[in-house]
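*Asks:* Encoded as structure tokens, here's the structure I'll be asking about.
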Amino acid sequence: MSKKPLDFNYISYKTGGNLRENRVLAAYFPNTPIINWIIEKSKNGTGIYKFTNLDSKDNDENGDYRVAILSGVHGNELPPQIATLHLINKLNFSNMNGTVYVIPFFSPNSTMRNSRYFDGLDLNRYCDIPGNIGYDLIAILKDLKIDAVGDFHSTGPNANPGYESVMSSNRPSKLSAEIGEYISKFVGSRWIQYEMAGQAFKGAIEDELNLNGIPTVTCEVLAYEKHITNIAWQQSLLQMKYFLRFFNII
């Protein structure tokens, strides 16, 4: 039995897709009731799932944090999307401090098609433009009073950056840099530190969240587009776990 409640809402109804049509991804799905339920919900759009202890007071005087974990911004970057499903299984049956919101498939339609794009757009480049799902996500996370966000990706050997890494910025949120340094130290992912958010990747989720006052990091693991390896998804899961450990959530 689950030890904690699960709240669920849709961020967008435009992005639904049948994830089982992505045969490469589906071969790695954990076969558990909650994961099968999430896959069904994804047919209707982008879901956000809330995990918390029954006695958690959500970032109150006890110091509990609210954080968010995101994957699938690029639908063809598969390992982090599998990692979030394994994380959900863990959160659903583990004691924890605070609250974790998980968005395992940012654009199920893109993931279904194994595509980097949705409606012809790279969803990690237009989050500063109204009408984009990334723009809506930022508003939702601000409304939820999220303390920090981890955005999880994969990168091919010849892509940018082309190696396992964690990206953060020093300004305007010093906490972004502290989270990035922490994950790098304990996981071994190379730390890429930018001085100011928005200078290198305008419109990216990490940058726009940092500019909107929510400390955020981007974590990458090494895997070819449209491919998964056990090493890649397990390393992505490790990055997620240390993101949560930074806040003493698990």
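Residue numbering restarts at 1 in every chain; chains get A, B, ... in the order shown in the structure tokens, and ligands count up from 1 in that same order.
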Mind dumping a table of every stretch 59-119 of chain A residue within 12 Å of stretch 201-221 of chain A, with the nearest atom pair and its distance in Å to one decimal, using only C-alpha atoms, sorted by chain and rising number, as JSON lines?
*Replies:*
{"residue": "A:Arg66", "atom": "CA", "partner": "A:Ile214", "partner_atom": "CA", "distance": 11.0}
{"residue": "A:Val67", "atom": "CA", "partner": "A:Ile214", "partner_atom": "CA", "distance": 9.7}
{"residue": "A:Ala68", "atom": "CA", "partner": "A:Thr216", "partner_atom": "CA", "distance": 9.4}
{"residue": "A:Ile69", "atom": "CA", "partner": "A:Thr216", "partner_atom": "CA", "distance": 9.9}
{"residue": "A:Leu70", "atom": "CA", "partner": "A:Thr218", "partner_atom": "CA", "distance": 9.5}
{"residue": "A:Ser71", "atom": "CA", "partner": "A:Cys219", "partner_atom": "CA", "distance": 9.8}
{"residue": "A:Gly72", "atom": "CA", "partner": "A:Glu220", "partner_atom": "CA", "distance": 11.8}
{"residue": "A:Val73", "atom": "CA", "partner": "A:Ile205", "partner_atom": "CA", "distance": 8.9}
{"residue": "A:His74", "atom": "CA", "partner": "A:Ile205", "partner_atom": "CA", "distance": 11.5}
{"residue": "A:Glu77", "atom": "CA", "partner": "A:Val221", "partner_atom": "CA", "distance": 9.5}
{"residue": "A:Leu78", "atom": "CA", "partner": "A:Val221", "partner_atom": "CA", "distance": 10.2}
{"residue": "A:Pro79", "atom": "CA", "partner": "A:Val221", "partner_atom": "CA", "distance": 7.9}
{"residue": "A:Pro80", "atom": "CA", "partner": "A:Val221", "partner_atom": "CA", "distance": 8.0}
{"residue": "A:Gln81", "atom": "CA", "partner": "A:Val221", "partner_atom": "CA", "distance": 11.7}
{"residue": "A:Ala83", "atom": "CA", "partner": "A:Val221", "partner_atom": "CA", "distance": 11.0}
{"residue": "A:Phe106", "atom": "CA", "partner": "A:Ile205", "partner_atom": "CA", "distance": 11.4}
*Asks:* Could you pull the residues within 8 Å of stretch 241-247 of chain A, counting only C-alpha atoms, minus those fewer than 6 positions along the same chain, as a list in words?
*Replies:*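 With the cut-off at 8 Å, the set is Tyr65, Gly150, Ile179, Tyr182, Ile183, Phe186 and Val187 of chain A.
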*Asks:* Residues at most 12 Å from A:Ala139, counting only C-alpha atoms, excluding those fewer than 3 positions away in the same chain, as number ranges by chain?
*Replies:* A: 11, 127-136, 142-146, 205, 208-209, 212-214
*Asks:* Which residue gives the smallest distance to A:Ala159 among A:Tyr49, A:Asn44, A:Gly16, A:Leu222, with only C-alpha atoms counted?
*Replies:*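 The closest residue to A:Ala159 is A:Leu222.
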*Asks:* Kindly indicate which residue among A:Asn9, A:Asn109, A:Asn31, A:Ser165 lies nearest to A:Ser189, using only C-alpha atoms for the distances.
*Replies:*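 The answer is A:Ser165, which sits nearest to A:Ser189.
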*Asks:* Determine which residues of stretch 34-116 of chain A DSSP labels as alpha helix (DSSP H) from the backbone of this structure, then write them out as an MDAnalysis selection string.
*Replies:* chainID A and resid 34:41 79:93 108:113
*Asks:* From the set A:Asn170, A:Thr32, A:Ser42, A:Gln234, which residue has the shortest atom-to-atom contact distance to A:Thr84, counting only C-alpha atoms?
*Replies:* A:Gln234
*Asks:* Return the single residue from A:Arg190, A:Lys226, A:Lys41, A:His86 that is closest to A:Pro108, with distances computed using only C-alpha atoms.
*Replies:*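 Checking each candidate against A:Pro108, we get A:Lys41 as the closest.
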*Asks:* Residues at most 7 Å from A:Gly75, counting only C-alpha atoms, excluding those fewer than 4 positions away in the same chain, as a PyMOL selection string?
*Replies:* chain A and resi 107+110-111+114-116
*Asks:* Would you please work out which residue, of A:Pro30, A:Asn95, A:Glu225, A:Gln239, is nearest to A:Glu181 when using only C-alpha atoms?
*Replies:*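 Of A:Pro30, A:Asn95, A:Glu225, A:Gln239, the one nearest A:Glu181 is A:Gln239, counting only C-alpha atoms.
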*Asks:* Using atom CA of A:Gln235 and atom CA of A:Asp151 as the two end points, give the distance in Å to one decimal.
*Replies:*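 Atom-to-atom, atom CA of A:Gln235 and atom CA of A:Asp151 are spaced 14.2 Å apart.
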*Asks:* Tell me which of A:Ser236, A:Asp147, A:Arg125, A:Ala223 sits closest to A:Ala200, counting only C-alpha atoms.
*Replies:* A:Arg125
*Asks:* Quick one, how far is atom CA of A:Tyr194 from atom CA of A:Ile250?
*Replies:*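 Separation of atom CA of A:Tyr194 and atom CA of A:Ile250: 27.8 Å.
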*Asks:* List the spatial neighbours of A:Asn89 as JSON, numbers by chain - criterion: any atom at most 8 Å away, only C-alpha atoms, same-chain residues fewer than 3 positions off excluded.
*Replies:* {"A": [32, 34, 35, 85, 86, 92, 93]}
*Asks:* Enumerate as a ChimeraX atom specification all residues of stretch 52-133 of chain A assigned to strand (DSSP E) by DSSP on the backbone, naming them with the chain letters and numbers the document uses.
*Replies:* /A:52,66-71,99-103,117-118,121-122
*Asks:* Save out the residues we just selected, C-alpha atoms, as a compact mmCIF listing (two decimals), in the first residue's frame.
*Replies:*
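Now in out.txt:
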# COMPACT_ATOMS: atom_id res chain seq x y z
CA THR A 52 4.20 14.11 0.39
CA ARG A 66 8.60 21.91 -1.91
CA VAL A 67 10.60 20.91 -4.97
CA ALA A 68 9.83 19.77 -8.52
CA ILE A 69 11.49 17.21 -10.78
CA LEU A 70 10.96 17.43 -14.52
CA SER A 71 11.90 15.21 -17.47
CA THR A 99 6.83 17.62 -0.87
CA VAL A 100 7.96 16.56 -4.34
CA TYR A 101 6.09 17.41 -7.55
CA VAL A 102 7.09 15.15 -10.45
CA ILE A 103 6.46 15.77 -14.15
CA TYR A 117 9.83 19.08 -30.80
CA PHE A 118 6.18 19.78 -30.11
CA LEU A 121 9.04 24.10 -31.36
CA ASP A 122 11.89 23.14 -29.06
*Asks:* In Å to one decimal, how far is atom CA of A:Val166 from atom CA of A:Ser154?
*Replies:* 10.8 Å
